[in-house]
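Engineer: If it helps, the file is called coords24.tsv and holds TSV, C-alpha atoms (C1' of nucleotides):
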chain	number	residue	atom	x	y	z
A	1	MET	CA	63.41	-73.18	88.21
A	2	LYS	CA	64.78	-76.15	90.07
A	3	ILE	CA	66.75	-78.46	87.85
A	4	THR	CA	66.67	-82.16	88.64
A	5	LYS	CA	69.45	-84.67	88.26
A	6	GLN	CA	68.03	-85.96	85.00
A	7	GLY	CA	67.27	-82.46	83.79
A	8	GLN	CA	70.89	-81.54	84.35
A	9	GLN	CA	72.12	-84.60	82.47
A	10	ILE	CA	69.91	-83.73	79.52
A	11	TYR	CA	70.96	-80.09	79.57
A	12	ASP	CA	74.66	-80.97	79.81
A	13	LEU	CA	74.35	-83.35	76.91
A	14	ILE	CA	72.71	-80.74	74.68
A	15	LEU	CA	75.37	-78.20	75.57
A	16	SER	CA	78.14	-80.66	74.75
A	17	SER	CA	76.52	-81.63	71.45
A	18	ASP	CA	76.70	-79.77	68.17
A	19	GLY	CA	73.51	-78.13	69.37
A	20	HIS	CA	70.77	-80.10	67.68
A	21	MET	CA	69.35	-83.25	69.22
A	22	THR	CA	66.08	-85.09	69.11
A	23	ALA	CA	64.56	-86.61	72.24
A	24	GLU	CA	65.36	-90.04	70.87
A	25	GLU	CA	69.01	-89.16	70.30
A	26	ILE	CA	69.23	-87.92	73.87
A	27	LEU	CA	67.73	-91.15	75.15
A	28	ILE	CA	70.21	-93.26	73.21
A	29	GLU	CA	73.19	-91.20	74.31
A	30	LEU	CA	72.25	-91.18	77.99
A	31	LYS	CA	71.62	-94.91	77.90
A	32	HIS	CA	75.08	-95.29	76.40
A	33	GLN	CA	76.41	-93.45	79.41
A	34	ASN	CA	74.68	-96.13	81.53
A	35	LEU	CA	72.27	-93.65	83.01
A	36	LYS	CA	68.87	-94.99	83.93
A	37	ILE	CA	66.39	-92.72	82.25
A	38	GLY	CA	63.08	-93.02	80.43
A	39	ILE	CA	61.82	-91.26	77.34
A	40	ALA	CA	58.98	-89.63	79.28
A	41	THR	CA	61.46	-87.99	81.61
A	42	ILE	CA	63.39	-86.69	78.65
A	43	TYR	CA	60.37	-85.07	77.06
A	44	ARG	CA	59.24	-83.71	80.40
A	45	ASN	CA	62.59	-82.10	81.07
A	46	LEU	CA	63.04	-80.84	77.54
A	47	ASN	CA	59.69	-79.09	77.78
A	48	ALA	CA	60.66	-77.63	81.12
A	49	LEU	CA	64.05	-76.46	79.85
A	50	PHE	CA	62.41	-74.98	76.78
A	51	THR	CA	59.64	-73.11	78.55
A	52	ALA	CA	62.13	-71.87	81.13
A	53	GLY	CA	64.24	-70.50	78.30
A	54	TYR	CA	67.31	-72.67	78.76
A	55	ILE	CA	67.12	-74.23	75.34
A	56	ASN	CA	65.46	-73.65	72.00
A	57	ARG	CA	63.18	-75.86	69.97
A	58	VAL	CA	62.81	-76.17	66.20
A	59	ARG	CA	60.49	-78.28	64.17
A	60	HIS	CA	62.23	-80.57	61.76
A	61	PRO	CA	60.04	-81.44	58.76
A	62	GLU	CA	60.67	-85.14	59.19
A	63	LEU	CA	62.01	-85.81	62.64
A	64	GLY	CA	59.69	-83.81	64.86
A	65	TYR	CA	61.18	-81.53	67.47
A	66	ILE	CA	64.86	-80.72	67.53
A	67	TYR	CA	66.27	-79.26	70.73
A	68	ASP	CA	68.80	-76.53	70.22
A	69	LYS	CA	71.34	-75.08	72.61
A	70	ASN	CA	71.40	-71.85	70.63
A	71	LYS	CA	68.75	-69.69	72.26
A	72	SER	CA	69.16	-66.64	70.08
A	73	ASP	CA	66.72	-65.86	67.28
A	74	HIS	CA	68.32	-67.58	64.35
A	75	TYR	CA	67.51	-69.51	61.24
A	76	HIS	CA	68.07	-73.06	60.17
A	77	PHE	CA	69.26	-75.01	57.20
A	78	TYR	CA	67.87	-78.44	56.53
A	79	ASP	CA	70.31	-80.51	54.56
A	80	LYS	CA	68.31	-82.98	52.52
A	81	LYS	CA	71.29	-85.24	52.09
A	82	THR	CA	72.31	-85.72	55.71
A	83	LYS	CA	68.78	-84.94	57.02
A	84	LYS	CA	70.31	-82.77	59.65
A	85	ILE	CA	69.62	-79.23	60.82
A	86	TYR	CA	72.31	-76.58	60.92
A	87	ASP	CA	72.33	-73.07	62.31
A	88	ILE	CA	72.46	-70.21	59.88
A	89	ASP	CA	74.13	-67.13	61.21
A	90	ILE	CA	72.47	-64.20	59.50
A	91	GLU	CA	70.73	-61.38	61.25
A	92	TYR	CA	67.08	-61.66	62.22
A	93	GLN	CA	64.96	-59.96	59.55
A	94	GLU	CA	63.00	-57.71	61.87
A	95	LYS	CA	61.67	-55.70	58.98
A	96	LEU	CA	59.70	-58.67	57.67
A	97	ASP	CA	57.71	-58.73	60.89
A	98	ARG	CA	56.85	-55.06	60.48
A	99	ILE	CA	55.81	-55.56	56.87
A	100	VAL	CA	53.55	-58.45	57.79
A	101	GLU	CA	52.01	-56.45	60.61
A	102	LYS	CA	51.25	-53.67	58.19
A	103	ILE	CA	49.64	-56.08	55.74
A	104	THR	CA	47.59	-58.06	58.22
A	105	GLY	CA	46.95	-55.48	60.90
A	106	GLY	CA	47.88	-58.18	63.40
A	107	LYS	CA	50.73	-58.58	65.85
A	108	VAL	CA	53.74	-60.60	64.76
A	109	GLU	CA	55.66	-62.11	67.65
A	110	SER	CA	58.36	-63.69	65.57
A	111	HIS	CA	59.06	-65.66	62.47
A	112	SER	CA	61.13	-68.68	61.69
A	113	ILE	CA	62.94	-69.50	58.49
A	114	ILE	CA	64.08	-72.89	57.35
A	115	PHE	CA	66.32	-73.06	54.32
A	116	GLU	CA	66.34	-76.31	52.46
A	117	GLY	CA	68.94	-77.65	50.13
A	118	ILE	CA	72.15	-79.57	49.88
A	119	LEU	CA	75.25	-78.77	51.83
A	120	ASN	CA	78.73	-79.50	50.61
A	121	ASP	CA	80.21	-82.81	51.64
A	122	LYS	CA	83.47	-81.27	52.76
A	123	LYS	CA	82.50	-78.60	55.19
A	124	ASN	CA	80.27	-79.87	57.94
A	125	ASN	CA	79.44	-76.68	59.77
A	126	ASP	CA	77.10	-77.29	62.68
B	1	MET	CA	49.87	-88.00	35.96
B	2	LYS	CA	46.54	-89.80	35.81
B	3	ILE	CA	44.07	-88.41	38.28
B	4	THR	CA	41.56	-90.80	39.78
B	5	LYS	CA	37.95	-90.09	40.69
B	6	GLN	CA	38.83	-89.67	44.36
B	7	GLY	CA	41.90	-87.66	43.50
B	8	GLN	CA	39.74	-85.28	41.52
B	9	GLN	CA	37.23	-84.93	44.36
B	10	ILE	CA	40.02	-84.09	46.76
B	11	TYR	CA	41.61	-81.63	44.36
B	12	ASP	CA	38.28	-79.92	43.63
B	13	LEU	CA	37.56	-79.58	47.30
B	14	ILE	CA	40.90	-77.94	48.02
B	15	LEU	CA	40.43	-75.54	45.12
B	16	SER	CA	36.98	-74.56	46.37
B	17	SER	CA	38.22	-74.08	49.94
B	18	ASP	CA	39.98	-71.07	51.39
B	19	GLY	CA	43.12	-72.95	50.46
B	20	HIS	CA	44.22	-74.61	53.66
B	21	MET	CA	42.88	-77.99	54.66
B	22	THR	CA	44.10	-80.90	56.71
B	23	ALA	CA	43.56	-84.48	55.55
B	24	GLU	CA	41.03	-84.90	58.34
B	25	GLU	CA	39.05	-81.84	57.23
B	26	ILE	CA	38.97	-83.22	53.72
B	27	LEU	CA	37.69	-86.55	54.99
B	28	ILE	CA	34.90	-84.90	56.98
B	29	GLU	CA	33.86	-82.66	54.12
B	30	LEU	CA	33.78	-85.45	51.51
B	31	LYS	CA	31.80	-87.67	53.88
B	32	HIS	CA	29.36	-84.79	54.25
B	33	GLN	CA	28.95	-84.87	50.50
B	34	ASN	CA	28.04	-88.54	50.88
B	35	LEU	CA	31.12	-89.69	49.03
B	36	LYS	CA	32.52	-93.02	50.08
B	37	ILE	CA	36.18	-92.42	50.78
B	38	GLY	CA	38.74	-93.51	53.33
B	39	ILE	CA	41.47	-91.56	55.07
B	40	ALA	CA	44.20	-93.67	53.46
B	41	THR	CA	42.97	-92.72	50.02
B	42	ILE	CA	43.03	-89.09	51.00
B	43	TYR	CA	46.62	-89.19	52.17
B	44	ARG	CA	47.64	-91.22	49.15
B	45	ASN	CA	46.11	-88.74	46.75
B	46	LEU	CA	47.33	-85.70	48.63
B	47	ASN	CA	50.85	-87.04	48.40
B	48	ALA	CA	50.43	-87.71	44.71
B	49	LEU	CA	48.96	-84.26	44.06
B	50	PHE	CA	51.75	-82.69	46.05
B	51	THR	CA	54.62	-84.52	44.41
B	52	ALA	CA	53.09	-83.90	41.00
B	53	GLY	CA	53.00	-80.20	41.81
B	54	TYR	CA	49.26	-79.67	41.82
B	55	ILE	CA	49.08	-78.53	45.40
B	56	ASN	CA	51.34	-77.24	48.11
B	57	ARG	CA	52.02	-78.55	51.57
B	58	VAL	CA	52.89	-76.67	54.75
B	59	ARG	CA	53.58	-77.91	58.20
B	60	HIS	CA	51.25	-76.57	60.82
B	61	PRO	CA	53.02	-76.32	64.17
B	62	GLU	CA	50.30	-78.33	65.88
B	63	LEU	CA	48.12	-80.07	63.33
B	64	GLY	CA	50.61	-81.74	61.04
B	65	TYR	CA	50.36	-81.15	57.33
B	66	ILE	CA	48.15	-78.51	55.77
B	67	TYR	CA	47.42	-78.81	52.05
B	68	ASP	CA	47.41	-75.56	50.19
B	69	LYS	CA	45.97	-74.70	46.80
B	70	ASN	CA	48.41	-71.81	46.46
B	71	LYS	CA	51.38	-73.32	44.67
B	72	SER	CA	53.47	-70.19	44.44
B	73	ASP	CA	56.38	-69.65	46.78
B	74	HIS	CA	54.75	-67.77	49.60
B	75	TYR	CA	54.85	-67.40	53.33
B	76	HIS	CA	52.46	-68.24	56.11
B	77	PHE	CA	51.10	-66.71	59.22
B	78	TYR	CA	50.16	-68.90	62.14
B	79	ASP	CA	47.53	-67.24	64.26
B	80	LYS	CA	47.96	-68.52	67.78
B	81	LYS	CA	44.44	-67.53	68.71
B	82	THR	CA	42.50	-69.30	65.96
B	83	LYS	CA	45.27	-71.86	65.39
B	84	LYS	CA	44.82	-71.38	61.70
B	85	ILE	CA	47.29	-70.77	58.89
B	86	TYR	CA	46.95	-67.81	56.54
B	87	ASP	CA	48.81	-66.88	53.40
B	88	ILE	CA	51.07	-63.86	53.53
B	89	ASP	CA	51.40	-62.06	50.27
B	90	ILE	CA	54.88	-60.59	50.26
B	91	GLU	CA	57.51	-61.27	47.68
B	92	TYR	CA	59.79	-64.25	48.00
B	93	GLN	CA	63.08	-63.13	49.56
B	94	GLU	CA	65.35	-64.59	46.92
B	95	LYS	CA	68.32	-62.67	48.25
B	96	LEU	CA	68.24	-64.64	51.50
B	97	ASP	CA	68.89	-67.84	49.58
B	98	ARG	CA	71.90	-66.27	47.90
B	99	ILE	CA	73.26	-65.01	51.21
B	100	VAL	CA	72.92	-68.43	52.78
B	101	GLU	CA	74.59	-70.07	49.83
B	102	LYS	CA	77.48	-67.68	50.18
B	103	ILE	CA	77.81	-68.45	53.88
B	104	THR	CA	77.48	-72.20	53.68
B	105	GLY	CA	78.89	-72.88	50.26
B	106	GLY	CA	75.92	-75.18	49.71
B	107	LYS	CA	72.95	-75.07	47.37
B	108	VAL	CA	69.72	-73.56	48.70
B	109	GLU	CA	66.65	-74.85	46.92
B	110	SER	CA	64.17	-72.72	48.81
B	111	HIS	CA	63.21	-71.44	52.18
B	112	SER	CA	59.98	-71.24	54.08
B	113	ILE	CA	58.92	-68.61	56.55
B	114	ILE	CA	56.25	-68.93	59.18
B	115	PHE	CA	55.22	-65.81	61.02
B	116	GLU	CA	53.64	-66.36	64.37
B	117	GLY	CA	51.45	-64.01	66.29
B	118	ILE	CA	47.92	-62.85	66.80
B	119	LEU	CA	45.63	-61.68	64.05
B	120	ASN	CA	42.87	-59.15	64.54
B	121	ASP	CA	39.45	-60.55	65.32
B	122	LYS	CA	37.71	-58.43	62.71
B	123	LYS	CA	39.53	-59.16	59.53
B	124	ASN	CA	39.69	-62.82	58.70
B	125	ASN	CA	41.83	-62.87	55.64
B	126	ASP	CA	42.48	-66.36	54.39
C	1	DA	C1'	63.26	-89.67	111.12
C	2	DT	C1'	59.02	-89.05	108.90
C	3	DG	C1'	55.53	-87.39	106.51
C	4	DA	C1'	54.47	-84.32	102.44
C	5	DT	C1'	55.48	-83.29	97.97
C	6	DA	C1'	57.58	-83.72	93.62
C	7	DA	C1'	59.92	-86.35	89.93
C	8	DT	C1'	60.77	-90.61	87.73
C	9	DG	C1'	60.12	-94.19	84.35
C	10	DA	C1'	57.41	-98.01	82.47
C	11	DT	C1'	53.76	-98.21	79.83
C	12	DA	C1'	49.31	-96.91	77.86
C	13	DA	C1'	47.10	-93.46	75.12
C	14	DT	C1'	46.89	-90.13	71.45
C	15	DG	C1'	47.14	-88.02	66.94
C	16	DA	C1'	48.99	-87.83	62.46
C	17	DT	C1'	50.63	-90.51	58.86
C	18	DT	C1'	51.98	-94.74	56.37
C	19	DA	C1'	51.78	-99.80	55.30
C	20	DT	C1'	49.12	-103.92	54.36
C	21	DC	C1'	46.08	-106.34	51.68
C	22	DA	C1'	41.72	-108.30	50.18
C	23	DA	C1'	38.10	-106.32	47.46
C	24	DT	C1'	36.90	-103.40	43.72
C	25	DA	C1'	37.57	-100.61	39.74
C	26	DT	C1'	40.06	-99.52	35.53
C	27	DT	C1'	42.61	-100.62	31.47
C	28	DA	C1'	44.43	-103.31	27.88
C	29	DT	C1'	44.21	-107.10	25.00
C	30	DA	C1'	42.42	-111.11	22.54
D	1	DT	C1'	32.73	-107.63	24.56
D	2	DA	C1'	34.71	-110.69	27.69
D	3	DT	C1'	38.37	-111.38	30.37
D	4	DA	C1'	42.85	-111.19	31.98
D	5	DA	C1'	46.25	-107.88	33.90
D	6	DT	C1'	47.02	-104.02	36.52
D	7	DA	C1'	46.06	-100.25	39.52
D	8	DT	C1'	43.35	-98.09	43.22
D	9	DT	C1'	40.49	-98.20	46.99
D	10	DG	C1'	39.33	-98.30	51.84
D	11	DA	C1'	39.21	-100.77	56.25
D	12	DT	C1'	42.33	-101.52	59.45
D	13	DA	C1'	46.78	-102.47	61.53
D	14	DA	C1'	51.22	-100.50	62.18
D	15	DT	C1'	54.35	-96.76	63.09
D	16	DC	C1'	56.36	-92.62	64.94
D	17	DA	C1'	56.60	-88.74	67.84
D	18	DT	C1'	54.69	-87.01	71.82
D	19	DT	C1'	51.80	-86.76	76.01
D	20	DA	C1'	49.15	-88.77	79.94
D	21	DT	C1'	48.76	-92.00	83.69
D	22	DC	C1'	50.22	-93.67	87.84
D	23	DA	C1'	52.56	-96.64	91.09
D	24	DT	C1'	57.21	-96.34	92.77
D	25	DT	C1'	61.12	-93.69	94.18
D	26	DA	C1'	63.58	-89.63	95.44
D	27	DT	C1'	63.76	-85.14	97.60
D	28	DC	C1'	62.48	-81.70	100.90
D	29	DA	C1'	60.79	-79.55	105.10
D	30	DT	C1'	59.71	-80.14	109.51
When written as structure tokens, how does the structure in this file appear?
Structural biologist:
Amino acid sequence: MKITKQGQQIYDLILSSDGHMTAEEILIELKHQNLKIGIATIYRNLNALFTAGYINRVRHPELGYIYDKNKSDHYHFYDKKTKKIYDIDIEYQEKLDRIVEKITGGKVESHSIIFEGILNDKKNND
Amino acid sequence: MKITKQGQQIYDLILSSDGHMTAEEILIELKHQNLKIGIATIYRNLNALFTAGYINRVRHPELGYIYDKNKSDHYHFYDKKTKKIYDIDIEYQEKLDRIVEKITGGKVESHSIIFEGILNDKKNND
DNA sequence: ATGATAATGATAATGATTATCAATATTATA
DNA sequence: TATAATATTGATAATCATTATCATTATCAT
């Protein structure tokens, strides 16, 4: 995959962030950096980066897609107070996939878990 | 909660369905039954039914909200082939919430799991 | 250089959902 | 029961996230 100038800017920004950004946040930040870029280009490059496996994508229940620098299979916590998504570092529950395959007779590729609740004010673990 | 005529029609329809309907599907079906109803009324009542706890709501990765007659804490399977959502009847993994609380120090209200994969053609378990 | 090809970005289009608001239905009260 | 007060409806406009369009611009290969 050939990365373009704009694609690189977007990728760099995600890597330098806490790991979770929406397309809109990326637009605002790159504009702040006085880079000329349009929202269509951002979506186009995010899709390319995602399908090429450079970044991850999660669906936020309110904000649409969140782009995530953490590519590993991992879970998320949605803090209702700050309305932000945080990574949860517990091991992937492989066994659930096998159980569901047994029940349905189908093939499970993966599963995603979103925890929802309230995080403590003090600790702001991204 | 006072249920209106339209609210009742919507609720009845969901109960009589396989359990998973979009607002648009509800509109089409009620129109078929020659009931005069608008999409705004459907969303309004679905929101009311949901917040009052009469029905459940899940986010479909492509189609937006799915309204679900099954109110219990349960998981879902997204079949990439049919693009439909199915209930998965395995027990709620309470222990995951406790683990996450321990890690984050926050309060977990609940979690949702969506399994993704391909279901067998033969069995079409809703 | 120069022509071919690909990427950009402004903007229009789309799809799901919510807001607006005049018309209609329901409820409460005299 | 009439009628005033209040709530709900439904058509439609607005919104929000995302994708499509397409003329312009940048990049690449000769």
Engineer: Counting all atoms listed in the file, collect the residues of chain D whose closest atom lies at most 10 Å from chain B, and write them out as a CSV table (one decimal) with C-alpha atoms (C1' of nucleotides), in the frame of the given file.
Structural biologist:
chain,number,residue,atom,x,y,z
D,8,DT,C1',43.4,-98.1,43.2
D,9,DT,C1',40.5,-98.2,47.0
D,10,DG,C1',39.3,-98.3,51.8
D,11,DA,C1',39.2,-100.8,56.2
Engineer: Quick one: residues within 10 Å of DA4 in chain D, only C-alpha atoms (C1' of nucleotides) counted, chain neighbours fewer than 5 positions away excluded, as a list in words?
Structural biologist: DA28, DT29 and DA30 of chain C
Engineer: What's around DT18 in chain C at 9 Å? Count all atoms listed in the file, leave out sequence neighbours fewer than 5 positions away in its own chain, and write the answer as a PDB file with C-alpha atoms (C1' of nucleotides), in the coordinates of the input.
Structural biologist:
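That gives us selection24.pdb:
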ATOM      1  CA  ALA B  40      44.200 -93.670  53.460  1.00  0.00           C
ATOM      2  CA  TYR B  43      46.620 -89.190  52.170  1.00  0.00           C
TER       3      TYR B  43
ATOM      4  C1'  DA D  14      51.220-100.500  62.180  1.00  0.00           C
ATOM      5  C1'  DT D  15      54.350 -96.760  63.090  1.00  0.00           C
TER       6       DT D  15
END
Engineer: Counting only C-alpha atoms (C1' of nucleotides), what is within 12 Å of Ile85 in chain A, bar same-chain residues fewer than 3 positions away, as a PyMOL selection string?
Structural biologist: chain A and resi 18-22+57-68+75-82+88+114-119+124-126
Engineer: Write out the residues from the selection above, keeping C-alpha atoms, as an mmCIF file, keeping the file's coordinate frame.
Structural biologist:
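The resulting file, result.cif, is reproduced below:
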data_model
loop_
_atom_site.group_PDB
_atom_site.id
_atom_site.type_symbol
_atom_site.label_atom_id
_atom_site.label_comp_id
_atom_site.auth_asym_id
_atom_site.auth_seq_id
_atom_site.Cartn_x
_atom_site.Cartn_y
_atom_site.Cartn_z
ATOM 1 C CA ASP A 18 76.700 -79.770 68.170
ATOM 2 C CA GLY A 19 73.510 -78.130 69.370
ATOM 3 C CA HIS A 20 70.770 -80.100 67.680
ATOM 4 C CA MET A 21 69.350 -83.250 69.220
ATOM 5 C CA THR A 22 66.080 -85.090 69.110
ATOM 6 C CA ARG A 57 63.180 -75.860 69.970
ATOM 7 C CA VAL A 58 62.810 -76.170 66.200
ATOM 8 C CA ARG A 59 60.490 -78.280 64.170
ATOM 9 C CA HIS A 60 62.230 -80.570 61.760
ATOM 10 C CA PRO A 61 60.040 -81.440 58.760
ATOM 11 C CA GLU A 62 60.670 -85.140 59.190
ATOM 12 C CA LEU A 63 62.010 -85.810 62.640
ATOM 13 C CA GLY A 64 59.690 -83.810 64.860
ATOM 14 C CA TYR A 65 61.180 -81.530 67.470
ATOM 15 C CA ILE A 66 64.860 -80.720 67.530
ATOM 16 C CA TYR A 67 66.270 -79.260 70.730
ATOM 17 C CA ASP A 68 68.800 -76.530 70.220
ATOM 18 C CA TYR A 75 67.510 -69.510 61.240
ATOM 19 C CA HIS A 76 68.070 -73.060 60.170
ATOM 20 C CA PHE A 77 69.260 -75.010 57.200
ATOM 21 C CA TYR A 78 67.870 -78.440 56.530
ATOM 22 C CA ASP A 79 70.310 -80.510 54.560
ATOM 23 C CA LYS A 80 68.310 -82.980 52.520
ATOM 24 C CA LYS A 81 71.290 -85.240 52.090
ATOM 25 C CA THR A 82 72.310 -85.720 55.710
ATOM 26 C CA ILE A 88 72.460 -70.210 59.880
ATOM 27 C CA ILE A 114 64.080 -72.890 57.350
ATOM 28 C CA PHE A 115 66.320 -73.060 54.320
ATOM 29 C CA GLU A 116 66.340 -76.310 52.460
ATOM 30 C CA GLY A 117 68.940 -77.650 50.130
ATOM 31 C CA ILE A 118 72.150 -79.570 49.880
ATOM 32 C CA LEU A 119 75.250 -78.770 51.830
ATOM 33 C CA ASN A 124 80.270 -79.870 57.940
ATOM 34 C CA ASN A 125 79.440 -76.680 59.770
ATOM 35 C CA ASP A 126 77.100 -77.290 62.680
#
Engineer: Which residues of chain C come within 10 Å of chain A, and for each one, what is the closest pair of atoms and their distance in Å to one decimal, counting only C-alpha atoms (C1' of nucleotides), sorted by chain and residue number, as CSV?
Structural biologist:
residue,atom,partner,partner_atom,distance
C:DA7,C1',A:Thr4,CA,8.0
C:DT8,C1',A:Thr41,CA,6.7
C:DG9,C1',A:Gly38,CA,5.0
C:DA10,C1',A:Gly38,CA,7.8
Engineer: What is the CA of Lys69 in chain B-CA of Ser112 in chain A distance in Å, reported with one decimal?
Structural biologist: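 Between CA of Lys69 in chain B and CA of Ser112 in chain A the gap is 22.1 Å.
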Engineer: To one decimal in Å, tell me the separation between CA of His74 in chain A and CA of Ile55 in chain A.
Structural biologist: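 Pair CA of His74 in chain A / CA of Ile55 in chain A returns 12.9 Å.
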Engineer: Which value, in Å to one decimal, gives the distance between CA of Asn70 in chain B and CA of Leu96 in chain B?
Structural biologist: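 Pair CA of Asn70 in chain B / CA of Leu96 in chain B returns 21.7 Å.
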Engineer: With only C-alpha atoms (C1' of nucleotides) as the basis for distance, which of D:DA7, D:DA2, D:DT12, D:DT27 is at the shortest distance from DC21 in chain C?
Structural biologist: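 Ranked by minimum distance to DC21 in chain C, first place goes to D:DT12.
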Engineer: Taking every listed atom of range 49-68 of chain B and adding 5 Å to each side, what centre and edge lengths in Å (one decimal) does the axis-aligned box have, as lines of an AutoDock Vina configuration file?
Structural biologist:
center_x = 51.0
center_y = -80.0
center_z = 53.4
size_x = 17.2
size_y = 19.0
size_z = 34.9
